[in-house]
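Reproduced below: data05.pdb, with PDB, C-alpha atoms and all ligand atoms.
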ATOM      1  CA  MET Y1242      24.227  27.639 -21.014  1.00  0.00           C
ATOM      2  CA  SER Y1243      21.855  25.084 -19.570  1.00  0.00           C
ATOM      3  CA  THR Y1244      19.645  26.208 -16.675  1.00  0.00           C
ATOM      4  CA  MET Y1245      17.667  24.324 -14.076  1.00  0.00           C
ATOM      5  CA  MET Y1246      14.035  23.457 -14.836  1.00  0.00           C
ATOM      6  CA  PRO Y1247      11.796  26.155 -13.307  1.00  0.00           C
ATOM      7  CA  ASP Y1248       9.558  23.694 -11.417  1.00  0.00           C
ATOM      8  CA  LEU Y1249      11.913  20.840 -10.554  1.00  0.00           C
ATOM      9  CA  GLU Y1250       9.434  18.962  -8.371  1.00  0.00           C
ATOM     10  CA  GLY Y1251       6.677  19.149 -10.980  1.00  0.00           C
ATOM     11  CA  TYR Y1252       9.127  18.119 -13.681  1.00  0.00           C
ATOM     12  CA  PHE Y1253      10.307  15.056 -11.737  1.00  0.00           C
ATOM     13  CA  ARG Y1254       6.714  14.103 -10.899  1.00  0.00           C
ATOM     14  CA  GLY Y1255       6.287  13.767 -14.676  1.00  0.00           C
ATOM     15  CA  LEU Y1256       9.216  11.319 -14.884  1.00  0.00           C
ATOM     16  CA  VAL Y1257       7.758   8.576 -12.699  1.00  0.00           C
ATOM     17  CA  PRO Y1258       8.156   5.136 -14.288  1.00  0.00           C
ATOM     18  CA  GLY Y1259       4.920   3.469 -15.374  1.00  0.00           C
ATOM     19  CA  GLY Y1260       3.982  -0.031 -14.267  1.00  0.00           C
ATOM     20  CA  ASP Y1261       2.014  -2.957 -15.663  1.00  0.00           C
ATOM     21  CA  ASP Y1262      -1.644  -3.607 -14.767  1.00  0.00           C
ATOM     22  CA  LEU Y1263      -0.835  -5.569 -11.584  1.00  0.00           C
ATOM     23  CA  VAL Y1264       1.617  -2.964 -10.295  1.00  0.00           C
ATOM     24  CA  LEU Y1265      -0.884  -0.161 -11.000  1.00  0.00           C
ATOM     25  CA  GLU Y1266      -3.673  -2.118  -9.300  1.00  0.00           C
ATOM     26  CA  LEU Y1267      -1.513  -2.602  -6.172  1.00  0.00           C
ATOM     27  CA  GLU Y1268      -0.671   1.113  -6.150  1.00  0.00           C
ATOM     28  CA  GLU Y1269      -4.387   2.019  -6.312  1.00  0.00           C
ATOM     29  CA  GLU Y1270      -5.241  -0.509  -3.609  1.00  0.00           C
ATOM     30  CA  ALA Y1271      -2.453   0.826  -1.366  1.00  0.00           C
ATOM     31  CA  ALA Y1272      -3.701   4.396  -1.823  1.00  0.00           C
ATOM     32  CA  ARG Y1273      -7.287   3.327  -1.027  1.00  0.00           C
ATOM     33  CA  GLU Y1274      -6.310   1.330   2.075  1.00  0.00           C
ATOM     34  CA  SER Y1275      -3.391   3.546   3.213  1.00  0.00           C
ATOM     35  CA  ILE Y1276      -0.883   0.700   2.889  1.00  0.00           C
ATOM     36  CA  PRO Y1277       2.602   2.280   2.942  1.00  0.00           C
ATOM     37  CA  ILE Y1278       4.177   0.672  -0.147  1.00  0.00           C
ATOM     38  CA  VAL Y1279       7.378   2.054  -1.673  1.00  0.00           C
ATOM     39  CA  GLY Y1280       5.657   3.307  -4.846  1.00  0.00           C
ATOM     40  CA  PRO Y1281       6.922   3.351  -8.434  1.00  0.00           C
ATOM     41  CA  VAL Y1282      10.199   5.281  -7.988  1.00  0.00           C
ATOM     42  CA  VAL Y1283      11.638   3.155  -5.177  1.00  0.00           C
ATOM     43  CA  GLY Y1284      10.145   0.031  -6.788  1.00  0.00           C
ATOM     44  CA  GLU Y1285      12.032   0.765  -9.987  1.00  0.00           C
ATOM     45  CA  LEU Y1286      15.138   1.739  -7.991  1.00  0.00           C
ATOM     46  CA  LEU Y1287      15.068  -1.682  -6.317  1.00  0.00           C
ATOM     47  CA  PHE Y1288      14.760  -3.358  -9.715  1.00  0.00           C
ATOM     48  CA  VAL Y1289      17.654  -1.295 -11.122  1.00  0.00           C
ATOM     49  CA  LEU Y1290      19.926  -1.903  -8.112  1.00  0.00           C
ATOM     50  CA  ALA Y1291      19.191  -5.631  -7.935  1.00  0.00           C
ATOM     51  CA  THR Y1292      19.673  -6.048 -11.689  1.00  0.00           C
ATOM     52  CA  ALA Y1293      22.829  -3.924 -11.885  1.00  0.00           C
ATOM     53  CA  THR Y1294      24.449  -5.829  -9.010  1.00  0.00           C
ATOM     54  CA  GLY Y1295      23.274  -9.211 -10.371  1.00  0.00           C
ATOM     55  CA  ALA Y1296      21.701  -9.924  -6.977  1.00  0.00           C
ATOM     56  CA  ALA Y1297      20.438 -13.508  -6.924  1.00  0.00           C
ATOM     57  CA  ARG Y1298      19.975 -13.934  -3.153  1.00  0.00           C
ATOM     58  CA  ILE Y1299      17.740 -11.168  -1.847  1.00  0.00           C
ATOM     59  CA  LEU Y1300      16.222 -10.614   1.601  1.00  0.00           C
ATOM     60  CA  GLU Y1301      13.391  -8.147   2.159  1.00  0.00           C
ATOM     61  CA  LEU Y1302      12.110  -7.032   5.568  1.00  0.00           C
ATOM     62  CA  GLY Y1303       8.493  -5.843   5.303  1.00  0.00           C
ATOM     63  CA  THR Y1304       6.359  -7.510   2.632  1.00  0.00           C
ATOM     64  CA  ALA Y1305       2.928  -5.820   2.920  1.00  0.00           C
ATOM     65  CA  THR Y1306       0.990  -6.795  -0.246  1.00  0.00           C
ATOM     66  CA  GLY Y1307       4.095  -7.916  -2.143  1.00  0.00           C
ATOM     67  CA  TYR Y1308       4.449  -4.731  -4.215  1.00  0.00           C
ATOM     68  CA  SER Y1309       8.205  -4.192  -3.673  1.00  0.00           C
ATOM     69  CA  GLY Y1310       8.630  -7.977  -3.708  1.00  0.00           C
ATOM     70  CA  ILE Y1311       7.412  -7.988  -7.332  1.00  0.00           C
ATOM     71  CA  PHE Y1312      10.178  -5.554  -8.381  1.00  0.00           C
ATOM     72  CA  LEU Y1313      12.818  -7.524  -6.462  1.00  0.00           C
ATOM     73  CA  GLY Y1314      11.417 -10.846  -7.684  1.00  0.00           C
ATOM     74  CA  ARG Y1315      11.493  -9.776 -11.317  1.00  0.00           C
ATOM     75  CA  ALA Y1316      15.135  -8.722 -10.959  1.00  0.00           C
ATOM     76  CA  ALA Y1317      16.060 -11.947  -9.117  1.00  0.00           C
ATOM     77  CA  ALA Y1318      14.248 -14.118 -11.672  1.00  0.00           C
ATOM     78  CA  ALA Y1319      16.479 -12.764 -14.426  1.00  0.00           C
ATOM     79  CA  SER Y1320      19.531 -14.015 -12.450  1.00  0.00           C
ATOM     80  CA  HIS Y1321      17.754 -17.323 -11.639  1.00  0.00           C
ATOM     81  CA  GLY Y1322      17.774 -16.056  -8.066  1.00  0.00           C
ATOM     82  CA  ARG Y1323      15.365 -15.968  -5.145  1.00  0.00           C
ATOM     83  CA  VAL Y1324      13.859 -13.494  -2.721  1.00  0.00           C
ATOM     84  CA  ILE Y1325      12.891 -14.195   0.897  1.00  0.00           C
ATOM     85  CA  THR Y1326      10.527 -11.586   2.326  1.00  0.00           C
ATOM     86  CA  LEU Y1327       9.540 -11.293   6.010  1.00  0.00           C
ATOM     87  CA  GLU Y1328       6.142 -10.112   7.305  1.00  0.00           C
ATOM     88  CA  HIS Y1329       4.594 -10.398  10.771  1.00  0.00           C
ATOM     89  CA  ASP Y1330       0.992  -9.856   9.684  1.00  0.00           C
ATOM     90  CA  GLU Y1331      -0.526 -13.212   8.542  1.00  0.00           C
ATOM     91  CA  ALA Y1332      -3.316 -11.595   6.525  1.00  0.00           C
ATOM     92  CA  MET Y1333      -0.880  -9.306   4.716  1.00  0.00           C
ATOM     93  CA  ALA Y1334       1.401 -12.274   3.974  1.00  0.00           C
ATOM     94  CA  ALA Y1335      -1.541 -14.159   2.425  1.00  0.00           C
ATOM     95  CA  ARG Y1336      -2.356 -11.184   0.211  1.00  0.00           C
ATOM     96  CA  ALA Y1337       1.301 -10.946  -0.820  1.00  0.00           C
ATOM     97  CA  ARG Y1338       1.423 -14.639  -1.748  1.00  0.00           C
ATOM     98  CA  ALA Y1339      -1.679 -14.217  -3.924  1.00  0.00           C
ATOM     99  CA  ASN Y1340      -0.212 -11.143  -5.647  1.00  0.00           C
ATOM    100  CA  LEU Y1341       3.157 -12.819  -6.186  1.00  0.00           C
ATOM    101  CA  SER Y1342       1.350 -15.789  -7.776  1.00  0.00           C
ATOM    102  CA  ARG Y1343      -0.477 -13.400 -10.084  1.00  0.00           C
ATOM    103  CA  ALA Y1344       2.949 -11.966 -11.026  1.00  0.00           C
ATOM    104  CA  ARG Y1345       4.138 -15.563 -11.717  1.00  0.00           C
ATOM    105  CA  LEU Y1346       6.744 -15.160  -8.988  1.00  0.00           C
ATOM    106  CA  ALA Y1347       5.474 -17.764  -6.509  1.00  0.00           C
ATOM    107  CA  GLN Y1348       8.556 -19.907  -7.162  1.00  0.00           C
ATOM    108  CA  VAL Y1349      10.900 -16.930  -6.905  1.00  0.00           C
ATOM    109  CA  VAL Y1350       9.650 -14.997  -3.858  1.00  0.00           C
ATOM    110  CA  GLU Y1351       9.088 -16.824  -0.559  1.00  0.00           C
ATOM    111  CA  VAL Y1352       6.993 -15.040   2.055  1.00  0.00           C
ATOM    112  CA  ARG Y1353       7.901 -15.987   5.655  1.00  0.00           C
ATOM    113  CA  VAL Y1354       5.586 -14.983   8.476  1.00  0.00           C
ATOM    114  CA  GLY Y1355       7.021 -13.709  11.756  1.00  0.00           C
ATOM    115  CA  GLU Y1356       8.856 -10.955  13.575  1.00  0.00           C
ATOM    116  CA  ALA Y1357      11.645  -9.934  11.197  1.00  0.00           C
ATOM    117  CA  LEU Y1358      14.417  -9.644  13.820  1.00  0.00           C
ATOM    118  CA  LYS Y1359      13.602 -13.071  15.215  1.00  0.00           C
ATOM    119  CA  LEU Y1360      13.492 -14.668  11.749  1.00  0.00           C
ATOM    120  CA  MET Y1361      16.765 -12.953  10.775  1.00  0.00           C
ATOM    121  CA  ALA Y1362      18.472 -14.282  13.908  1.00  0.00           C
ATOM    122  CA  GLU Y1363      17.647 -17.836  12.753  1.00  0.00           C
ATOM    123  CA  MET Y1364      18.769 -17.328   9.133  1.00  0.00           C
ATOM    124  CA  PHE Y1365      21.990 -18.099   7.340  1.00  0.00           C
ATOM    125  CA  GLY Y1366      23.397 -16.033   4.490  1.00  0.00           C
ATOM    126  CA  PRO Y1367      24.924 -15.042   2.367  1.00  0.00           C
ATOM    127  CA  PHE Y1368      22.611 -12.557   0.674  1.00  0.00           C
ATOM    128  CA  ASP Y1369      23.635 -10.203  -2.126  1.00  0.00           C
ATOM    129  CA  LEU Y1370      21.046  -7.542  -1.310  1.00  0.00           C
ATOM    130  CA  ILE Y1371      18.978  -6.778   1.794  1.00  0.00           C
ATOM    131  CA  PHE Y1372      16.091  -4.304   1.726  1.00  0.00           C
ATOM    132  CA  LEU Y1373      14.793  -2.829   5.011  1.00  0.00           C
ATOM    133  CA  ASP Y1374      11.178  -1.664   5.131  1.00  0.00           C
ATOM    134  CA  ILE Y1375       9.776  -2.629   8.575  1.00  0.00           C
ATOM    135  CA  ASP Y1376       9.057  -0.559  11.694  1.00  0.00           C
ATOM    136  CA  LYS Y1377      11.840   2.009  11.891  1.00  0.00           C
ATOM    137  CA  GLU Y1378      12.826   1.224  15.505  1.00  0.00           C
ATOM    138  CA  SER Y1379      13.891  -2.236  14.295  1.00  0.00           C
ATOM    139  CA  TYR Y1380      16.339  -0.859  11.698  1.00  0.00           C
ATOM    140  CA  ARG Y1381      19.211  -0.435  14.193  1.00  0.00           C
ATOM    141  CA  PRO Y1382      18.982  -4.015  15.564  1.00  0.00           C
ATOM    142  CA  ALA Y1383      18.428  -5.341  12.015  1.00  0.00           C
ATOM    143  CA  LEU Y1384      21.754  -3.796  10.993  1.00  0.00           C
ATOM    144  CA  ALA Y1385      23.758  -6.262  13.109  1.00  0.00           C
ATOM    145  CA  HIS Y1386      21.908  -9.181  11.485  1.00  0.00           C
ATOM    146  CA  ALA Y1387      22.399  -7.637   8.041  1.00  0.00           C
ATOM    147  CA  GLN Y1388      26.149  -7.377   8.702  1.00  0.00           C
ATOM    148  CA  ARG Y1389      26.207 -11.132   9.384  1.00  0.00           C
ATOM    149  CA  LEU Y1390      23.864 -12.151   6.546  1.00  0.00           C
ATOM    150  CA  LEU Y1391      25.056  -9.908   3.705  1.00  0.00           C
ATOM    151  CA  ARG Y1392      28.113 -11.006   1.744  1.00  0.00           C
ATOM    152  CA  LEU Y1393      31.150  -8.754   1.632  1.00  0.00           C
ATOM    153  CA  GLY Y1394      30.407  -6.247  -1.140  1.00  0.00           C
ATOM    154  CA  GLY Y1395      26.665  -6.849  -0.749  1.00  0.00           C
ATOM    155  CA  LEU Y1396      24.165  -4.000  -0.897  1.00  0.00           C
ATOM    156  CA  LEU Y1397      21.908  -2.795   1.914  1.00  0.00           C
ATOM    157  CA  VAL Y1398      18.976  -0.551   0.940  1.00  0.00           C
ATOM    158  CA  ALA Y1399      16.849   1.110   3.631  1.00  0.00           C
ATOM    159  CA  ASP Y1400      13.624   2.967   2.946  1.00  0.00           C
ATOM    160  CA  ASN Y1401      12.113   5.673   5.207  1.00  0.00           C
ATOM    161  CA  VAL Y1402      15.356   6.801   6.846  1.00  0.00           C
ATOM    162  CA  GLY Y1403      13.815  10.263   7.216  1.00  0.00           C
ATOM    163  CA  PHE Y1404      11.704   8.916  10.116  1.00  0.00           C
ATOM    164  CA  SER Y1405      12.900   9.739  13.639  1.00  0.00           C
ATOM    165  CA  GLY Y1406      12.776   6.026  14.523  1.00  0.00           C
ATOM    166  CA  ALA Y1407      15.605   5.442  12.031  1.00  0.00           C
ATOM    167  CA  ALA Y1408      17.984   7.997  13.641  1.00  0.00           C
ATOM    168  CA  ASP Y1409      20.038   5.416  15.590  1.00  0.00           C
ATOM    169  CA  PHE Y1410      20.310   3.274  12.457  1.00  0.00           C
ATOM    170  CA  ASN Y1411      21.445   6.254  10.366  1.00  0.00           C
ATOM    171  CA  ARG Y1412      24.168   7.179  12.879  1.00  0.00           C
ATOM    172  CA  GLU Y1413      25.376   3.586  13.265  1.00  0.00           C
ATOM    173  CA  LEU Y1414      25.522   3.061   9.500  1.00  0.00           C
ATOM    174  CA  LEU Y1415      27.876   6.039   9.125  1.00  0.00           C
ATOM    175  CA  LYS Y1416      30.126   5.247  12.065  1.00  0.00           C
ATOM    176  CA  ASN Y1417      30.401   1.427  11.747  1.00  0.00           C
ATOM    177  CA  PRO Y1418      33.541   0.631   9.664  1.00  0.00           C
ATOM    178  CA  ALA Y1419      31.809  -2.456   8.218  1.00  0.00           C
ATOM    179  CA  TRP Y1420      29.715  -0.146   6.010  1.00  0.00           C
ATOM    180  CA  ARG Y1421      30.209   2.589   3.421  1.00  0.00           C
ATOM    181  CA  ALA Y1422      26.877   4.396   3.150  1.00  0.00           C
ATOM    182  CA  VAL Y1423      25.068   7.364   1.635  1.00  0.00           C
ATOM    183  CA  HIS Y1424      21.775   8.907   2.750  1.00  0.00           C
ATOM    184  CA  LEU Y1425      19.705  10.531   0.027  1.00  0.00           C
ATOM    185  CA  LEU Y1426      16.864  12.984   0.643  1.00  0.00           C
ATOM    186  CA  SER Y1427      14.493  12.188  -2.210  1.00  0.00           C
ATOM    187  CA  LEU Y1428      11.280  13.287  -3.887  1.00  0.00           C
ATOM    188  CA  LEU Y1429       9.351  10.032  -4.250  1.00  0.00           C
ATOM    189  CA  PRO Y1430       5.956  10.402  -5.967  1.00  0.00           C
ATOM    190  CA  ARG Y1431       3.350   7.889  -4.694  1.00  0.00           C
ATOM    191  CA  HIS Y1432       5.740   6.799  -1.906  1.00  0.00           C
ATOM    192  CA  SER Y1433       4.576   7.195   1.675  1.00  0.00           C
ATOM    193  CA  PRO Y1434       5.605   9.960   2.419  1.00  0.00           C
ATOM    194  CA  GLU Y1435       6.431  11.748  -0.833  1.00  0.00           C
ATOM    195  CA  GLN Y1436       9.617  13.314   0.566  1.00  0.00           C
ATOM    196  CA  ASP Y1437      11.760  10.871   2.512  1.00  0.00           C
ATOM    197  CA  GLY Y1438      15.279   9.558   2.887  1.00  0.00           C
ATOM    198  CA  LEU Y1439      16.824   6.444   1.388  1.00  0.00           C
ATOM    199  CA  ALA Y1440      20.051   4.860   2.591  1.00  0.00           C
ATOM    200  CA  LEU Y1441      22.318   2.803   0.344  1.00  0.00           C
ATOM    201  CA  ALA Y1442      25.228   0.968   1.912  1.00  0.00           C
ATOM    202  CA  VAL Y1443      27.787  -1.570   0.859  1.00  0.00           C
ATOM    203  CA  ARG Y1444      29.317  -4.028   3.338  1.00  0.00           C
ATOM    204  CA  VAL Y1445      33.061  -3.456   3.189  1.00  0.00           C
ATOM    205  CA  ALA Y1446      34.265  -5.449   6.218  1.00  0.00           C
TER     206      ALA Y1446
HETATM  207  C1  LIG Y1501       6.143  -0.257   4.838  1.00  0.00           C
HETATM  208  S1  LIG Y1501       5.316  -1.763   4.767  1.00  0.00           S
HETATM  209  C2  LIG Y1501       6.193  -2.669   3.562  1.00  0.00           C
HETATM  210  C3  LIG Y1501       5.879  -2.237   2.165  1.00  0.00           C
HETATM  211  C4  LIG Y1501       6.490  -3.129   1.113  1.00  0.00           C
HETATM  212  N1  LIG Y1501       7.927  -3.238   1.268  1.00  0.00           N
HETATM  213  C5  LIG Y1501       6.174  -2.586  -0.248  1.00  0.00           C
HETATM  214  O1  LIG Y1501       6.703  -1.520  -0.579  1.00  0.00           O
HETATM  215  O2  LIG Y1501       5.388  -3.194  -0.983  1.00  0.00           O
HETATM  216  C6  LIG Y1501       5.880  -2.545   6.217  1.00  0.00           C
HETATM  217  C7  LIG Y1501       5.362  -3.961   6.398  1.00  0.00           C
HETATM  218  O3  LIG Y1501       6.208  -4.582   7.351  1.00  0.00           O
HETATM  219  C8  LIG Y1501       5.455  -5.231   8.343  1.00  0.00           C
HETATM  220  N2  LIG Y1501       6.273  -5.108   9.557  1.00  0.00           N
HETATM  221  C9  LIG Y1501       6.519  -3.990  10.274  1.00  0.00           C
HETATM  222  N3  LIG Y1501       7.375  -4.229  11.272  1.00  0.00           N
HETATM  223  C10 LIG Y1501       7.696  -5.555  11.175  1.00  0.00           C
HETATM  224  C11 LIG Y1501       8.557  -6.412  11.906  1.00  0.00           C
HETATM  225  N4  LIG Y1501       9.255  -5.944  12.939  1.00  0.00           N
HETATM  226  N5  LIG Y1501       8.653  -7.698  11.521  1.00  0.00           N
HETATM  227  C12 LIG Y1501       7.940  -8.168  10.453  1.00  0.00           C
HETATM  228  N6  LIG Y1501       7.116  -7.407   9.726  1.00  0.00           N
HETATM  229  C13 LIG Y1501       6.996  -6.109  10.069  1.00  0.00           C
HETATM  230  C14 LIG Y1501       4.123  -4.496   8.397  1.00  0.00           C
HETATM  231  O4  LIG Y1501       3.084  -5.378   8.816  1.00  0.00           O
HETATM  232  C15 LIG Y1501       3.957  -4.023   6.962  1.00  0.00           C
HETATM  233  O5  LIG Y1501       3.188  -4.930   6.198  1.00  0.00           O
END

Can you present the structure in this file as structure tokens?
Ligand SMILES: C[S@@+](CC[C@H](N)C(=O)[O-])C[C@H]1O[C@@H](n2cnc3c(N)ncnc32)[C@H](O)[C@@H]1O
Amino acid sequence: MSTMMPDLEGYFRGLVPGGDDLVLELEEEAARESIPIVGPVVGELLFVLATATGAARILELGTATGYSGIFLGRAAAASHGRVITLEHDEAMAARARANLSRARLAQVVEVRVGEALKLMAEMFGPFDLIFLDIDKESYRPALAHAQRLLRLGGLLVADNVGFSGAADFNRELLKNPAWRAVHLLSLLPRHSPEQDGLALAVRVA
């Protein structure tokens, strides 16, 4: 009979996907400068989800240095798709553009500077996948925009739903009949923080 691993957390810390030199450099830089990037597990999860769903039109809220944008951009590139990523900090957006160029994704990932909710309000869909990673208090208002911008059957991924600022969003996602959603408490090595929640939702109406 198979039994559970004795040290599950330690075991799963040993199963973290490795990255290329650029990805590793951005992880080191983020650790040094306390930039809250998603880290290798959520990065790879984004790549897997975007690839598995064939997402060609992707919207990201919260660019930072472009780390998660590289995972999404690589998935989109394989479907000849594009990513739009929103960031209100000009200096961060400039760093992201430089990193995305280094990843040869400058033609795939477009960084737009501004307040994400305001930019979303002016956008037209449809998108196949939307990833939320901005200030958590904006998740709930972003949900209404996501419902308009995401195609029926499109995927919404939200990071950091273990933060108290995401509580309204979490409740709304479960009670709004436009969405079918799951919340996952996860161990996420090199994510900020290491233990956090992720929400995955599909737009069903
Ligand atoms: C958690 S970091 C994003 C990390 C990035 N997704 C990654 O993993 O590489 C959040 C970023 O969103 C930006 N941000 C936060 N709230 C925002 C908002 N309301 N509108 C636009 N950008 C926002 C911050 O400046 C920060 O760079």

- request: Tell me which of Y:Val1283, Y:Met1245, Y:Ile1311, Y:Val1402 sits closest to Pro1258 of chain Y, counting only C-alpha atoms.
  value: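 For Pro1258 of chain Y, the nearest of the given residues is Y:Val1283.
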
query: Written as a ChimeraX atom specification, which residues does the PyMOL selection byres (((chain Y and resi 1377) around 9) and not hetatm) give for the file shown?
result: /Y:1373-1376,1378-1381,1401-1402,1404-1408,1410

Mind writing the picked residues with C-alpha atoms as a PDB file, keeping the file's coordinate frame?
ATOM      1  CA  LEU Y1373      14.793  -2.829   5.011  1.00  0.00           C
ATOM      2  CA  ASP Y1374      11.178  -1.664   5.131  1.00  0.00           C
ATOM      3  CA  ILE Y1375       9.776  -2.629   8.575  1.00  0.00           C
ATOM      4  CA  ASP Y1376       9.057  -0.559  11.694  1.00  0.00           C
ATOM      5  CA  GLU Y1378      12.826   1.224  15.505  1.00  0.00           C
ATOM      6  CA  SER Y1379      13.891  -2.236  14.295  1.00  0.00           C
ATOM      7  CA  TYR Y1380      16.339  -0.859  11.698  1.00  0.00           C
ATOM      8  CA  ARG Y1381      19.211  -0.435  14.193  1.00  0.00           C
ATOM      9  CA  ASN Y1401      12.113   5.673   5.207  1.00  0.00           C
ATOM     10  CA  VAL Y1402      15.356   6.801   6.846  1.00  0.00           C
ATOM     11  CA  PHE Y1404      11.704   8.916  10.116  1.00  0.00           C
ATOM     12  CA  SER Y1405      12.900   9.739  13.639  1.00  0.00           C
ATOM     13  CA  GLY Y1406      12.776   6.026  14.523  1.00  0.00           C
ATOM     14  CA  ALA Y1407      15.605   5.442  12.031  1.00  0.00           C
ATOM     15  CA  ALA Y1408      17.984   7.997  13.641  1.00  0.00           C
ATOM     16  CA  PHE Y1410      20.310   3.274  12.457  1.00  0.00           C
TER      17      PHE Y1410
END

message: Just want the residues within 6 Å of ligand LIG 1501 (chain Y), written as a ChimeraX atom specification, counting only C-alpha atoms and all ligand atoms.
response: /Y:1277-1279,1303-1309,1327-1330,1355-1357,1374-1376

Serialized selection, C-alpha atoms, as a CSV table (one decimal), in the frame of the given file:
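Output below, filename selection_6.csv:
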chain,number,residue,atom,x,y,z
Y,1277,PRO,CA,2.6,2.3,2.9
Y,1278,ILE,CA,4.2,0.7,-0.1
Y,1279,VAL,CA,7.4,2.1,-1.7
Y,1303,GLY,CA,8.5,-5.8,5.3
Y,1304,THR,CA,6.4,-7.5,2.6
Y,1305,ALA,CA,2.9,-5.8,2.9
Y,1306,THR,CA,1.0,-6.8,-0.2
Y,1307,GLY,CA,4.1,-7.9,-2.1
Y,1308,TYR,CA,4.4,-4.7,-4.2
Y,1309,SER,CA,8.2,-4.2,-3.7
Y,1327,LEU,CA,9.5,-11.3,6.0
Y,1328,GLU,CA,6.1,-10.1,7.3
Y,1329,HIS,CA,4.6,-10.4,10.8
Y,1330,ASP,CA,1.0,-9.9,9.7
Y,1355,GLY,CA,7.0,-13.7,11.8
Y,1356,GLU,CA,8.9,-11.0,13.6
Y,1357,ALA,CA,11.6,-9.9,11.2
Y,1374,ASP,CA,11.2,-1.7,5.1
Y,1375,ILE,CA,9.8,-2.6,8.6
Y,1376,ASP,CA,9.1,-0.6,11.7

- request: Compute the distance from (14.7, -6.4, -0.7) to each atom, counting all atoms listed in the file, keep the residues with any atom at most 7 Å away, and return them as a list in words; use the coordinates of the file.
  value: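 Counting all atoms listed in the file, I find these residues within 7 Å of (14.7, -6.4, -0.7): Ile1299, Leu1300, Glu1301, Leu1302, Gly1310, Leu1313, Leu1370, Ile1371, Phe1372 and Leu1373 of chain Y.
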
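Between Ala1362 of chain Y and the candidates Y:Leu1290, Y:Ala1272, Y:Val1282, Y:Ala1387, the tightest atom-to-atom separation, counting all atoms listed in the file, involves Y:Ala1387.
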
- prompt: Rounded to one decimal in Å, what is the spacing between atom CA of Ser1342 of chain Y and atom CA of Pro1434 of chain Y?
  reply: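 Straight-line distance from atom CA of Ser1342 of chain Y to atom CA of Pro1434 of chain Y works out to 28.0 Å.
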
query: For the file shown, what are the residues hit by the PyMOL selection byres (((chain Y and resi 1414-1420) around 12) and not hetatm), laid out as a count of residues only?
result: 37

message: I'd like the interatomic distance between atom CA of Asp1369 of chain Y and atom CA of Gly1259 of chain Y, to a tenth of an Å.
response: 26.7 Å

query: How far is it from atom CA of Gly1366 of chain Y to atom CA of Pro1281 of chain Y, in Å with one decimal?
result: 28.5 Å

- request: Would you mind listing what lies within 12 Å of Arg1345 of chain Y as a ChimeraX atom specification, with only C-alpha atoms counted and same-chain residues fewer than 4 positions away left out?
  value: /Y:1263,1310-1311,1314-1315,1318,1338-1341,1349-1350
